[in-house]
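S.K.: Sharing work-v4.txt here; it has compact mmCIF, C-alpha atoms.
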# COMPACT_ATOMS: atom_id res chain seq x y z
CA MET K 938 -98.53 -67.68 -24.61
CA HIS K 939 -101.98 -66.65 -23.47
CA GLN K 940 -102.69 -65.25 -20.10
CA ALA K 941 -105.50 -66.82 -18.14
CA THR K 942 -107.25 -63.50 -17.68
CA GLU K 943 -108.35 -63.60 -21.28
CA LEU K 944 -111.06 -65.87 -19.94
CA ARG K 945 -112.34 -63.30 -17.50
CA PRO K 946 -115.48 -61.44 -18.58
CA GLY K 947 -116.42 -57.90 -17.66
CA PRO K 948 -115.56 -54.36 -18.63
CA PRO K 949 -111.96 -53.12 -18.82
CA ALA K 950 -110.55 -52.28 -15.42
CA SER K 951 -110.22 -48.55 -16.16
CA ASN K 952 -113.88 -48.28 -17.19
CA GLN K 953 -114.92 -50.22 -14.15
CA ASN K 954 -112.93 -47.96 -11.86
CA ALA K 955 -114.44 -44.87 -13.49
CA LEU K 956 -117.91 -46.29 -12.91
CA GLU K 957 -117.10 -46.96 -9.28
CA LEU K 958 -115.61 -43.49 -8.82
CA ALA K 959 -118.85 -42.03 -10.11
CA LEU K 960 -120.77 -44.11 -7.61
CA LEU K 961 -118.48 -42.92 -4.80
CA THR K 962 -119.11 -39.32 -5.82
CA ARG K 963 -122.83 -39.92 -5.52
CA ILE K 964 -122.39 -41.74 -2.22
CA ALA K 965 -120.49 -38.74 -0.90
CA ALA K 966 -123.64 -36.77 -1.70
CA GLN K 967 -125.70 -39.27 0.32
CA ASP K 968 -127.17 -41.06 -2.66
CA ALA K 969 -128.52 -44.31 -1.20
CA GLN K 970 -129.22 -45.73 -4.65
CA ALA K 971 -125.52 -45.35 -5.53
CA MET K 972 -124.68 -47.06 -2.24
CA HIS K 973 -127.03 -49.86 -3.22
CA GLU K 974 -125.27 -50.29 -6.58
CA LEU K 975 -121.77 -50.25 -5.14
CA TYR K 976 -122.75 -52.63 -2.35
CA HIS K 977 -124.15 -55.13 -4.80
CA LEU K 978 -121.13 -54.75 -7.10
CA TYR K 979 -118.82 -55.78 -4.27
CA HIS K 980 -120.93 -58.02 -2.13
CA ARG K 981 -120.12 -61.35 -3.72
CA ARG K 982 -116.38 -60.71 -4.09
CA LEU K 983 -116.07 -59.41 -0.56
CA ALA K 984 -118.23 -62.17 0.85
CA ARG K 985 -116.10 -64.88 -0.69
CA PHE K 986 -112.86 -63.18 0.36
CA LEU K 987 -114.06 -62.63 3.92
CA MET K 988 -115.53 -66.09 4.29
CA ARG K 989 -112.16 -67.46 3.23
CA LEU K 990 -110.53 -65.41 5.96
CA THR K 991 -113.04 -65.97 8.73
CA SER K 992 -114.70 -69.28 7.82
CA ARG K 993 -117.94 -67.82 9.19
CA TYR K 994 -120.89 -66.37 7.31
CA ASP K 995 -122.03 -64.20 10.19
CA LEU K 996 -118.61 -62.59 10.57
CA ALA K 997 -118.28 -62.03 6.86
CA GLU K 998 -121.63 -60.27 6.77
CA GLU K 999 -120.69 -58.14 9.76
CA ILE K 1000 -117.38 -57.15 8.18
CA ILE K 1001 -118.96 -56.31 4.83
CA ASN K 1002 -121.36 -53.96 6.54
CA ASP K 1003 -118.59 -52.44 8.67
CA THR K 1004 -116.67 -51.91 5.44
CA PHE K 1005 -119.53 -50.18 3.69
CA TRP K 1006 -120.32 -48.17 6.77
CA VAL K 1007 -116.81 -46.75 6.40
CA VAL K 1008 -117.38 -46.25 2.66
CA TRP K 1009 -120.54 -44.27 3.41
CA GLN K 1010 -118.78 -42.15 6.02
CA HIS K 1011 -115.58 -41.52 4.05
CA ALA K 1012 -116.58 -41.55 0.39
CA ALA K 1013 -116.05 -37.80 0.27
CA ASP K 1014 -112.49 -38.25 1.51
CA PHE K 1015 -111.45 -40.75 -1.14
CA ARG K 1016 -108.98 -39.03 -3.42
CA GLY K 1017 -108.32 -41.68 -6.03
CA ALA K 1018 -104.80 -42.52 -4.95
CA SER K 1019 -105.67 -46.13 -5.64
CA LYS K 1020 -108.39 -47.99 -7.47
CA VAL K 1021 -111.72 -48.01 -5.68
CA SER K 1022 -111.51 -51.78 -5.35
CA THR K 1023 -108.11 -51.52 -3.65
CA TRP K 1024 -109.53 -49.01 -1.19
CA ILE K 1025 -112.61 -51.09 -0.40
CA PHE K 1026 -110.73 -54.37 -0.08
CA GLY K 1027 -108.18 -52.62 2.12
CA ILE K 1028 -110.92 -51.51 4.47
CA GLY K 1029 -112.43 -54.98 4.44
CA TYR K 1030 -109.11 -56.71 5.09
CA ARG K 1031 -108.25 -54.51 8.06
CA ARG K 1032 -111.73 -54.88 9.51
CA ALA K 1033 -111.38 -58.65 9.08
CA LEU K 1034 -108.07 -58.73 10.94
CA LYS K 1035 -109.57 -56.77 13.84
CA THR K 1036 -112.60 -59.00 13.95
CA LEU K 1037 -110.50 -62.16 13.83
CA LYS K 1038 -108.31 -60.96 16.66
CA ARG K 1039 -111.47 -60.44 18.69
CA VAL K 1040 -113.40 -63.61 17.94
CA ARG K 1041 -111.05 -66.10 16.30
CA PRO K 1042 -107.56 -65.67 17.77
CA ASP K 1043 -106.89 -69.29 16.79
CA LEU K 1044 -106.85 -68.20 13.16
CA MET K 1045 -104.31 -65.45 13.77
CA VAL K 1046 -101.26 -67.70 13.74
CA GLU K 1047 -98.30 -65.88 12.26
CA GLU K 1048 -96.78 -67.33 9.11
CA SER K 1049 -93.53 -68.12 10.88
CA GLU K 1050 -95.41 -70.07 13.56
CA ALA K 1051 -97.66 -71.99 11.22
CA PRO K 1052 -96.71 -75.63 10.93
CA GLU K 1053 -95.30 -76.56 7.56
CA GLN K 1054 -97.66 -78.99 5.92
CA VAL K 1055 -97.63 -80.79 2.66
CA TYR K 1056 -101.15 -81.67 1.59
CA GLU K 1057 -101.99 -84.92 -0.05
CA PRO K 1058 -104.73 -84.35 -2.58
CA TRP K 1059 -105.31 -88.00 -3.27
CA LEU K 1060 -106.83 -88.33 0.21
CA HIS K 1061 -109.80 -86.27 -0.90
CA ALA K 1062 -112.40 -87.62 -3.26
CA GLU K 1063 -113.42 -84.37 -4.83
CA LEU K 1064 -111.11 -81.77 -6.20
CA ARG K 1065 -113.40 -78.93 -5.20
CA GLU K 1066 -113.39 -80.15 -1.63
CA TRP K 1067 -109.64 -80.45 -1.70
CA LEU K 1068 -109.11 -76.95 -3.02
CA GLY K 1069 -111.22 -75.51 -0.25
CA VAL K 1070 -109.56 -77.61 2.43
CA ALA K 1071 -106.06 -76.75 1.24
CA LEU K 1072 -106.77 -73.03 1.03
CA ASP K 1073 -108.33 -73.02 4.47
CA LYS K 1074 -105.19 -74.53 5.94
CA LEU K 1075 -102.90 -71.82 4.64
CA PRO K 1076 -101.93 -69.06 7.07
CA HIS K 1077 -104.45 -66.25 6.64
CA GLU K 1078 -101.91 -63.85 5.10
CA GLN K 1079 -101.02 -66.35 2.36
CA ARG K 1080 -104.65 -67.24 1.81
CA ALA K 1081 -105.52 -63.56 1.47
CA VAL K 1082 -102.78 -63.00 -1.12
CA LEU K 1083 -103.92 -65.96 -3.18
CA GLU K 1084 -107.57 -64.91 -3.03
CA LEU K 1085 -106.83 -61.30 -3.87
CA ALA K 1086 -104.61 -62.29 -6.79
CA TYR K 1087 -106.43 -65.27 -8.27
CA HIS K 1088 -110.04 -64.63 -7.38
CA VAL K 1089 -110.32 -60.86 -7.18
CA GLY K 1090 -107.56 -60.15 -9.72
CA HIS K 1091 -105.53 -57.50 -7.91
CA SER K 1092 -101.92 -56.74 -8.83
CA CYS K 1093 -99.00 -57.36 -6.51
CA GLU K 1094 -98.77 -53.64 -5.74
CA GLU K 1095 -102.48 -53.33 -5.07
CA ILE K 1096 -102.36 -56.27 -2.67
CA ALA K 1097 -99.46 -54.60 -0.86
CA THR K 1098 -101.66 -51.53 -0.46
CA ILE K 1099 -104.62 -53.56 0.73
CA MET K 1100 -102.55 -55.51 3.24
CA GLN K 1101 -100.39 -52.53 4.18
CA CYS K 1102 -97.15 -54.41 3.67
CA PRO K 1103 -94.15 -54.17 1.30
CA VAL K 1104 -94.48 -55.55 -2.22
CA ASN K 1105 -91.76 -58.06 -1.46
CA THR K 1106 -93.80 -59.42 1.42
CA VAL K 1107 -96.67 -60.08 -0.98
CA LYS K 1108 -94.28 -61.90 -3.31
CA THR K 1109 -92.94 -63.97 -0.43
CA ARG K 1110 -96.43 -64.87 0.75
CA MET K 1111 -97.40 -65.86 -2.76
CA PHE K 1112 -94.27 -67.99 -3.04
CA HIS K 1113 -95.00 -69.87 0.18
CA ALA K 1114 -98.68 -70.27 -0.66
CA ARG K 1115 -97.81 -71.82 -4.01
CA ARG K 1116 -95.21 -74.08 -2.48
CA LYS K 1117 -97.67 -75.37 0.10
CA LEU K 1118 -100.28 -75.95 -2.57
CA LYS K 1119 -97.89 -77.87 -4.76
CA GLY K 1120 -99.62 -81.13 -4.01
CA LEU K 1121 -102.88 -79.58 -5.06
CA LEU K 1122 -101.42 -78.36 -8.29
CA ASN K 1123 -100.26 -81.87 -9.10
CA SER K 1124 -103.81 -83.03 -8.56
CA LEU K 1125 -105.18 -80.27 -10.77
CA SER K 1126 -102.82 -81.20 -13.56
CA GLY K 1127 -104.13 -84.73 -13.49
CA ALA K 1128 -107.78 -83.99 -13.05
CA LEU K 1129 -108.53 -81.05 -15.29
CA MET J 701 -71.05 -63.70 -15.33
CA ASN J 702 -71.62 -67.23 -14.18
CA PRO J 703 -74.04 -68.69 -16.74
CA GLU J 704 -75.56 -71.10 -14.20
CA LEU J 705 -76.23 -68.29 -11.77
CA TYR J 706 -77.66 -66.25 -14.61
CA ASP J 707 -80.00 -69.08 -15.60
CA SER J 708 -81.06 -69.56 -12.02
CA ASP J 709 -81.92 -65.88 -11.73
CA VAL J 710 -84.03 -66.01 -14.89
CA HIS J 711 -86.05 -68.95 -13.59
CA GLN J 712 -86.43 -67.37 -10.17
CA LEU J 713 -87.66 -64.15 -11.73
CA ALA J 714 -90.08 -66.11 -13.90
CA ALA J 715 -91.40 -67.99 -10.87
CA GLU J 716 -91.93 -64.69 -9.09
CA GLN J 717 -93.75 -63.11 -12.01
CA ILE J 718 -95.93 -66.02 -13.11
CA PRO J 719 -98.83 -65.39 -10.68
CA TRP J 720 -99.15 -61.79 -11.86
CA TYR J 721 -98.79 -62.84 -15.48
CA VAL J 722 -101.55 -65.36 -14.94
CA ASN J 723 -103.93 -62.84 -13.39
CA GLY J 724 -103.11 -60.25 -16.06
CA THR J 725 -101.61 -57.57 -13.84
CA LEU J 726 -97.95 -57.95 -14.77
CA GLU J 727 -96.58 -54.85 -16.47
CA ALA J 728 -96.57 -55.19 -20.27
CA ALA J 729 -92.81 -55.23 -20.90
CA ALA J 730 -92.21 -57.80 -18.15
CA ALA J 731 -95.12 -59.87 -19.45
CA SER J 732 -93.61 -59.85 -22.92
CA ARG J 733 -90.21 -61.02 -21.64
CA LEU J 734 -91.83 -63.69 -19.50
CA SER J 735 -93.94 -64.90 -22.40
CA ALA J 736 -90.81 -65.38 -24.50
CA HIS J 737 -89.12 -67.24 -21.65
CA LEU J 738 -92.13 -69.52 -21.18
CA GLU J 739 -92.06 -70.43 -24.85
CA ALA J 740 -88.49 -71.64 -24.47
CA CYS J 741 -88.43 -73.11 -20.95
CA ALA J 742 -90.43 -76.26 -20.36
CA GLN J 743 -89.89 -76.21 -16.61
CA CYS J 744 -91.24 -72.70 -16.13
CA ARG J 745 -94.02 -73.42 -18.61
CA GLY J 746 -95.09 -76.35 -16.42
CA ASP J 747 -95.19 -74.01 -13.44
CA TYR J 748 -97.18 -71.49 -15.46
CA GLU J 749 -99.70 -74.11 -16.62
CA ALA J 750 -100.20 -75.32 -13.07
CA GLN J 751 -100.83 -71.75 -11.94
CA VAL J 752 -103.35 -71.23 -14.75
CA ARG J 753 -105.24 -74.28 -13.54
CA LEU J 754 -105.23 -73.00 -9.98
CA PHE J 755 -106.34 -69.56 -11.19
CA GLU J 756 -109.18 -71.07 -13.20
CA GLY J 757 -110.14 -73.24 -10.27
CA MET J 758 -110.36 -70.21 -8.01
CA GLN J 759 -112.22 -68.22 -10.66
CA ALA J 760 -114.86 -70.93 -10.90
CA ASP J 761 -116.65 -69.57 -7.91
CA GLY J 762 -118.68 -72.23 -6.20
CA THR J 763 -118.83 -70.39 -2.91
CA LEU J 764 -122.22 -70.14 -1.34
CA VAL J 765 -122.69 -66.47 -0.63
CA PHE J 766 -125.42 -65.05 1.54
CA ALA J 767 -128.02 -62.83 -0.08
CA ALA J 768 -126.88 -59.24 -0.46
CA GLU J 769 -130.18 -57.41 -0.15
CA PRO J 770 -131.11 -58.30 3.45
CA SER J 771 -127.58 -57.40 4.55
CA PHE J 772 -127.79 -54.12 2.68
CA GLN J 773 -131.09 -53.29 4.35
CA LYS J 774 -129.48 -53.94 7.73
CA LEU J 775 -126.64 -51.59 6.84
CA MET J 776 -128.95 -48.81 5.70
CA GLY J 777 -130.96 -49.19 8.88
CA ARG J 778 -127.76 -48.84 10.84
CA ILE J 779 -126.77 -45.74 8.88
CA ARG J 780 -130.23 -44.23 9.20
CA ASP J 781 -130.28 -44.78 12.94
CA GLY J 782 -126.78 -43.37 13.27
CA ALA J 783 -126.23 -45.92 16.00
CA ASP J 784 -122.68 -46.64 15.08
CA ALA J 785 -121.34 -43.17 14.55
CA GLY J 786 -117.67 -43.29 15.41
CA SER J 787 -117.74 -46.98 16.24
CA VAL J 788 -115.47 -48.11 13.44
CA PRO J 789 -112.01 -47.09 14.54
CA GLY J 790 -109.05 -46.90 12.24
CA ALA J 791 -111.00 -46.28 9.09
CA PRO J 792 -108.39 -45.91 6.38
CA LEU J 793 -108.16 -42.62 4.65
CA PRO J 794 -106.71 -42.00 1.21
CA ALA J 795 -103.05 -41.19 0.92
CA ALA J 796 -102.66 -38.70 -1.89
CA PRO J 797 -104.85 -35.71 -2.79
CA VAL J 798 -105.34 -36.66 -6.43
CA ARG J 799 -109.07 -36.34 -6.62
CA SER J 800 -111.78 -35.14 -4.35
CA VAL J 801 -115.51 -35.54 -4.39
CA PRO J 802 -117.84 -32.95 -2.90
CA THR J 803 -118.82 -33.26 0.72
CA LYS J 804 -122.32 -32.57 1.89
CA ARG J 805 -123.72 -32.57 5.35
CA ARG J 806 -125.29 -35.93 5.93
CA THR J 807 -128.98 -36.04 6.75
CA GLY J 808 -131.44 -38.91 6.93
CA ALA J 809 -133.93 -37.46 4.44
CA GLY J 810 -132.39 -38.95 1.31
CA ILE J 811 -132.00 -42.33 2.91
CA ALA J 812 -135.54 -42.36 4.25
CA GLN J 813 -136.92 -41.51 0.82
CA TRP J 814 -134.87 -44.23 -0.82
CA LEU J 815 -135.74 -46.77 1.84
CA ALA J 816 -139.43 -46.06 1.34
CA ALA J 817 -139.02 -46.95 -2.32
CA ALA J 818 -137.03 -50.04 -1.34
CA VAL J 819 -139.79 -51.17 1.00
CA VAL J 820 -142.30 -50.93 -1.85
CA LEU J 821 -139.99 -52.94 -4.09
CA GLU J 822 -139.42 -55.49 -1.40
CA ALA J 823 -143.17 -55.83 -0.82
CA VAL J 824 -143.62 -56.51 -4.51
CA GLY J 825 -140.78 -59.03 -4.34
CA LEU J 826 -142.28 -60.75 -1.32
CA GLY J 827 -145.63 -60.88 -3.07
CA TYR J 828 -144.02 -62.55 -6.04
CA GLY J 829 -142.17 -64.93 -3.74
CA ALA J 830 -145.39 -65.91 -1.98
CA TRP J 831 -147.07 -66.40 -5.34
CA ALA J 832 -144.20 -68.49 -6.63
CA TRP J 833 -144.23 -70.52 -3.46
CA HIS J 834 -147.96 -71.10 -3.76
CA VAL J 835 -147.72 -72.10 -7.41
CA HIS J 836 -144.90 -74.46 -6.64
CA THR J 837 -146.63 -76.15 -3.73
CA ASP J 838 -149.61 -77.02 -5.89
CA SER J 839 -147.56 -79.88 -7.27
CA ALA J 840 -146.80 -81.71 -4.07
CA ALA J 841 -143.97 -84.23 -3.96
CA PRO J 842 -145.12 -87.86 -3.88
CA TYR J 843 -145.37 -89.43 -0.45
CA VAL J 844 -142.39 -91.62 0.31
CA THR J 845 -142.12 -94.14 3.13
CA LEU J 846 -139.04 -95.71 4.65
CA THR J 847 -139.68 -98.84 2.63
CA SER J 848 -140.29 -97.02 -0.63
CA ALA J 849 -137.74 -97.19 -3.38
CA GLU J 850 -135.02 -94.57 -3.09
CA PRO J 851 -136.01 -91.40 -4.96
CA SER J 852 -134.35 -90.97 -8.31
CA TYR J 853 -132.57 -87.68 -8.87
CA ARG J 854 -132.41 -87.85 -12.62
CA SER J 855 -131.70 -84.20 -12.90
CA SER J 856 -128.27 -83.02 -11.85
CA ALA J 857 -129.97 -79.87 -10.60
CA ARG J 858 -129.03 -79.05 -7.08
CA VAL J 859 -129.56 -76.13 -4.79
CA ARG J 860 -127.24 -75.48 -1.89
CA VAL J 861 -128.85 -73.88 1.09
CA VAL J 862 -128.19 -72.75 4.61
CA PHE J 863 -131.15 -72.94 6.94
CA ARG J 864 -131.77 -70.49 9.72
CA SER J 865 -130.38 -71.80 12.99
CA GLY J 866 -133.13 -72.87 15.34
CA LEU J 867 -135.30 -74.22 12.56
CA SER J 868 -137.25 -77.13 14.01
CA VAL J 869 -137.36 -80.56 12.47
CA GLN J 870 -141.05 -80.00 11.77
CA GLY J 871 -140.29 -76.68 10.15
CA LEU J 872 -137.56 -78.21 8.04
CA GLY J 873 -139.85 -81.01 6.93
CA LEU J 874 -142.58 -78.58 5.95
CA LEU J 875 -140.10 -76.41 4.08
CA LEU J 876 -138.75 -79.36 2.12
CA ARG J 877 -142.20 -80.66 1.26
CA GLN J 878 -143.32 -77.26 0.05
CA ALA J 879 -140.21 -76.99 -2.09
CA GLY J 880 -140.50 -80.55 -3.40
CA ALA J 881 -136.91 -81.02 -2.34
CA HIS J 882 -134.85 -83.59 -0.50
CA ILE J 883 -131.62 -83.23 1.39
CA ILE J 884 -129.07 -85.24 -0.53
CA ASP J 885 -125.88 -83.97 1.09
CA GLY J 886 -124.68 -82.01 4.06
CA PRO J 887 -124.35 -80.41 6.36
CA THR J 888 -120.83 -79.26 5.61
CA SER J 889 -118.73 -77.68 8.31
CA ALA J 890 -120.45 -74.40 7.40
CA ASN J 891 -123.91 -75.97 7.69
CA VAL J 892 -124.48 -75.99 3.95
CA TYR J 893 -126.98 -78.57 2.70
CA THR J 894 -127.43 -79.75 -0.86
CA LEU J 895 -131.00 -80.25 -1.99
CA GLY J 896 -132.06 -82.40 -4.89
CA PHE J 897 -135.34 -82.53 -6.76
CA THR J 898 -137.00 -85.63 -8.07
CA GLY J 899 -138.58 -85.64 -11.49
CA THR J 900 -137.54 -84.49 -14.89
CA ALA J 901 -134.46 -82.48 -15.72
CA MET J 902 -134.62 -78.77 -15.02
CA THR J 903 -133.56 -75.89 -17.16
CA PRO J 904 -131.27 -73.34 -15.52
CA ASP J 905 -134.21 -70.92 -15.39
CA THR J 906 -136.38 -73.42 -13.60
CA LEU J 907 -133.62 -74.18 -11.15
CA GLU J 908 -133.06 -70.48 -10.52
CA ARG J 909 -136.78 -70.07 -9.83
CA ARG J 910 -136.64 -72.95 -7.36
CA ALA J 911 -133.69 -71.29 -5.62
CA ALA J 912 -135.52 -67.93 -5.60
CA THR J 913 -138.54 -69.58 -4.05
CA LEU J 914 -136.35 -71.08 -1.36
CA ARG J 915 -134.70 -67.72 -0.75
CA ALA J 916 -138.11 -66.17 -0.21
CA ASN J 917 -138.61 -68.45 2.77
CA PRO J 918 -137.56 -66.70 6.00
CA ASP J 919 -136.06 -69.94 7.29
CA VAL J 920 -133.55 -70.03 4.41
CA LEU J 921 -130.50 -67.83 4.79
CA PHE J 922 -128.87 -68.71 1.47
CA ALA J 923 -129.91 -70.65 -1.59
CA GLU J 924 -127.91 -70.97 -4.75
CA PRO J 925 -128.35 -73.23 -7.75
CA GLN J 926 -125.68 -75.77 -8.44
CA ASN J 927 -126.59 -76.86 -11.90
CA ALA J 928 -123.39 -78.51 -13.06
CA PRO J 929 -121.20 -79.35 -10.11
CA GLN J 930 -118.55 -80.91 -12.30
CA ASP J 931 -117.88 -77.56 -13.93
CA ALA J 932 -117.08 -75.66 -10.82
CA VAL J 933 -113.94 -76.23 -8.85
CA GLY J 934 -115.46 -74.37 -6.01
CA THR J 935 -115.49 -74.02 -2.31
CA ALA J 936 -119.00 -74.51 -1.13
CA GLY J 937 -119.23 -74.56 2.57
CA ARG J 938 -115.70 -73.73 3.27
Can you turn what I pasted into structure tokens?
M.R.:
Amino acid sequence: MHQATELRPGPPASNQNALELALLTRIAAQDAQAMHELYHLYHRRLARFLMRLTSRYDLAEEIINDTFWVVWQHAADFRGASKVSTWIFGIGYRRALKTLKRVRPDLMVEESEAPEQVYEPWLHAELREWLGVALDKLPHEQRAVLELAYHVGHSCEEIATIMQCPVNTVKTRMFHARRKLKGLLNSLSGAL
Amino acid sequence: MNPELYDSDVHQLAAEQIPWYVNGTLEAAAASRLSAHLEACAQCRGDYEAQVRLFEGMQADGTLVFAAEPSFQKLMGRIRDGADAGSVPGAPLPAAPVRSVPTKRRTGAGIAQWLAAAVVLEAVGLGYGAWAWHVHTDSAAPYVTLTSAEPSYRSSARVRVVFRSGLSVQGLGLLLRQAGAHIIDGPTSANVYTLGFTGTAMTPDTLERRAATLRANPDVLFAEPQNAPQDAVGTAGR
């Protein structure tokens, strides 16, 4: 049985983290070029993750820059208790929640209050459209777990750190997200 | 032990572990046990295969992402000005003192020096953009009237763009004519438009140059090639 991550390109995670730690060390010494490199390393991943959460480009850009403002200010304080990516995504996620509470309270529906919906993929002509629509309709906590796991590639424990919640909560959110996307998965199995 | 309960537990555990197995973060011993279970259990294997498809769909990133460099320049300007000192409350700090990097007193000198270099680079980039734009506009798109035959988009090359809000109709028309492009889809809910190009098929390099030329226009916030839409289970404009 082959894991899907065999398809994923890029350096091994440990090498990547070492590279990013080196950049953080330079950022702590006010190296703007290192900041430039780290920013560009994360921009696309963070942008996609934050646009999924906020549904707005302008907010995603604002949150990315808030996140890296914190990175610039606190790089010297980072002690390697987690991977650099976990730290940065954690900052970004918490900034996103604060921003959403301020400007998009409609998106802050708790999981328990969110209406249970079963999506019907056959109503949508294009699979790509359907995937986006279905993900957007998940409660933001479930959407964040799915994005962090399947797009960014974080472990269950890392996502718990990012979202500041117990590991079991991450598992529960993943379970509900998958259940709600079941209709989509049926569509994927037929279309791909 | 009740065998049915035992079986149920095995499947439940498999269901719980499959997402982390799929994304490659499940601990090795657990992954090995799960792999053996998936070989033997068709039901769980079906779940696993569905999750792989979802994973691959989400990996195929079709999201239109805004350009990083202008945002980075904004951030560095903000840092240089020091306007936001202390304005980001609740910044998370690391939990365990495993590793520390040296702290230096922050001054603006290093940033200013770096930004000066960045400005030079950007000027070169803008010069290239203007040149590319000029070269491209030399081959103007043919004039098309309302009664003309519908343009043929033989190439599957597409560029997805977001225009700056407030762009006038005249400005949009000029931009499209200069780019030799036509709006063929959009706007999505996120104001993403898809542009097509008439004429012969484009290589990925050519398409990337077209997108770069569009990006160089101040009225274009984002521009990304979409060369083979059927390959990307993406999320443009979400």
S.K.: Please identify all polymer residues lying at most 10 Å from the point (-118.1, -64.3, 8.7) (file coordinates), using only C-alpha atoms, and present the result as a PDB file with C-alpha atoms, in the frame of the given file.
M.R.:
ATOM      1  CA  ALA K 984    -118.230 -62.170   0.850  1.00  0.00           C
ATOM      2  CA  ARG K 985    -116.100 -64.880  -0.690  1.00  0.00           C
ATOM      3  CA  PHE K 986    -112.860 -63.180   0.360  1.00  0.00           C
ATOM      4  CA  LEU K 987    -114.060 -62.630   3.920  1.00  0.00           C
ATOM      5  CA  MET K 988    -115.530 -66.090   4.290  1.00  0.00           C
ATOM      6  CA  ARG K 989    -112.160 -67.460   3.230  1.00  0.00           C
ATOM      7  CA  LEU K 990    -110.530 -65.410   5.960  1.00  0.00           C
ATOM      8  CA  THR K 991    -113.040 -65.970   8.730  1.00  0.00           C
ATOM      9  CA  SER K 992    -114.700 -69.280   7.820  1.00  0.00           C
ATOM     10  CA  ARG K 993    -117.940 -67.820   9.190  1.00  0.00           C
ATOM     11  CA  TYR K 994    -120.890 -66.370   7.310  1.00  0.00           C
ATOM     12  CA  ASP K 995    -122.030 -64.200  10.190  1.00  0.00           C
ATOM     13  CA  LEU K 996    -118.610 -62.590  10.570  1.00  0.00           C
ATOM     14  CA  ALA K 997    -118.280 -62.030   6.860  1.00  0.00           C
ATOM     15  CA  GLU K 998    -121.630 -60.270   6.770  1.00  0.00           C
ATOM     16  CA  GLU K 999    -120.690 -58.140   9.760  1.00  0.00           C
ATOM     17  CA  ILE K1000    -117.380 -57.150   8.180  1.00  0.00           C
ATOM     18  CA  ILE K1001    -118.960 -56.310   4.830  1.00  0.00           C
ATOM     19  CA  ALA K1033    -111.380 -58.650   9.080  1.00  0.00           C
ATOM     20  CA  THR K1036    -112.600 -59.000  13.950  1.00  0.00           C
ATOM     21  CA  LEU K1037    -110.500 -62.160  13.830  1.00  0.00           C
TER      22      LEU K1037
END
S.K.: How big is the axis-aligned box around all listed atoms of region 747-759 of chain J once 3 Å goes on each side, and where's its centre, in Å to one decimal, as JSON?
M.R.:
{"center_x": -103.7, "center_y": -71.8, "center_z": -12.3, "size_x": 23.0, "size_y": 13.1, "size_z": 14.6}
S.K.: Restricting the calculation to all atoms listed in the file: of J:Asp885, J:Asp905, J:Asp747, J:Glu924, which residue gets closest to chain K?
M.R.: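 For chain K, the nearest of the candidates is J:Asp747.
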S.K.: Calculated over all atoms listed in the file, which of the candidates J:Ala714, J:Phe755, J:Glu749, J:Leu875 has the smallest distance to Ser732 (chain J)?
M.R.: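 Residue with the minimum atom-to-atom distance to Ser732 (chain J): J:Ala714.
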S.K.: Quick one: of J:Gln773, J:Asn891, J:Gln712, J:Thr898, who's nearest to Gln743 (chain J), counting all atoms listed in the file?
M.R.: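 That would be J:Gln712, the residue with the smallest distance to Gln743 (chain J).
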S.K.: What is the distance between CA of Ile884 (chain J) and CA of Arg858 (chain J), in Å to one decimal?
M.R.: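 Going from CA of Ile884 (chain J) over to CA of Arg858 (chain J) covers 9.0 Å.
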S.K.: Could you tell me which of J:Met776, J:Leu867, J:Ala916, J:Ala730 comes closest to chain K if we count all atoms listed in the file?
M.R.: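 Using all atoms listed in the file, the shortest distance to chain K belongs to J:Met776.
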S.K.: As an exercise, work out the distance from CA of Glu739 (chain J) to CA of Trp720 (chain J) in Å and give it to one decimal place.
M.R.: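 Interatomic distance, CA of Glu739 (chain J) to CA of Trp720 (chain J): 17.1 Å.
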S.K.: Can you pull out every residue within 9 Å of region 1100-1106 of chain K, counting only C-alpha atoms, but drop anything in the same chain fewer than 3 positions away, and send it as a CSV table (one decimal) with C-alpha atoms, in the frame of the given file?
M.R.:
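As a result, part14.csv now contains:
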chain,number,residue,atom,x,y,z
K,1026,PHE,CA,-110.7,-54.4,-0.1
K,1027,GLY,CA,-108.2,-52.6,2.1
K,1030,TYR,CA,-109.1,-56.7,5.1
K,1031,ARG,CA,-108.2,-54.5,8.1
K,1078,GLU,CA,-101.9,-63.8,5.1
K,1081,ALA,CA,-105.5,-63.6,1.5
K,1082,VAL,CA,-102.8,-63.0,-1.1
K,1093,CYS,CA,-99.0,-57.4,-6.5
K,1094,GLU,CA,-98.8,-53.6,-5.7
K,1095,GLU,CA,-102.5,-53.3,-5.1
K,1096,ILE,CA,-102.4,-56.3,-2.7
K,1097,ALA,CA,-99.5,-54.6,-0.9
K,1109,THR,CA,-92.9,-64.0,-0.4
K,1110,ARG,CA,-96.4,-64.9,0.8
K,1111,MET,CA,-97.4,-65.9,-2.8
S.K.: What separation in Å, quoted to one decimal, exists between CA of Val1070 (chain K) and CA of Tyr979 (chain K)?
M.R.: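 Spanning CA of Val1070 (chain K) to CA of Tyr979 (chain K) is a straight-line distance of 24.6 Å.
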S.K.: Between J:Ala901, J:Gly880, J:Ala740, J:Ala729, single out the one closest to chain K, counting all atoms listed in the file.
M.R.: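 Looking at the shortest contact to chain K, the residue is J:Ala740.
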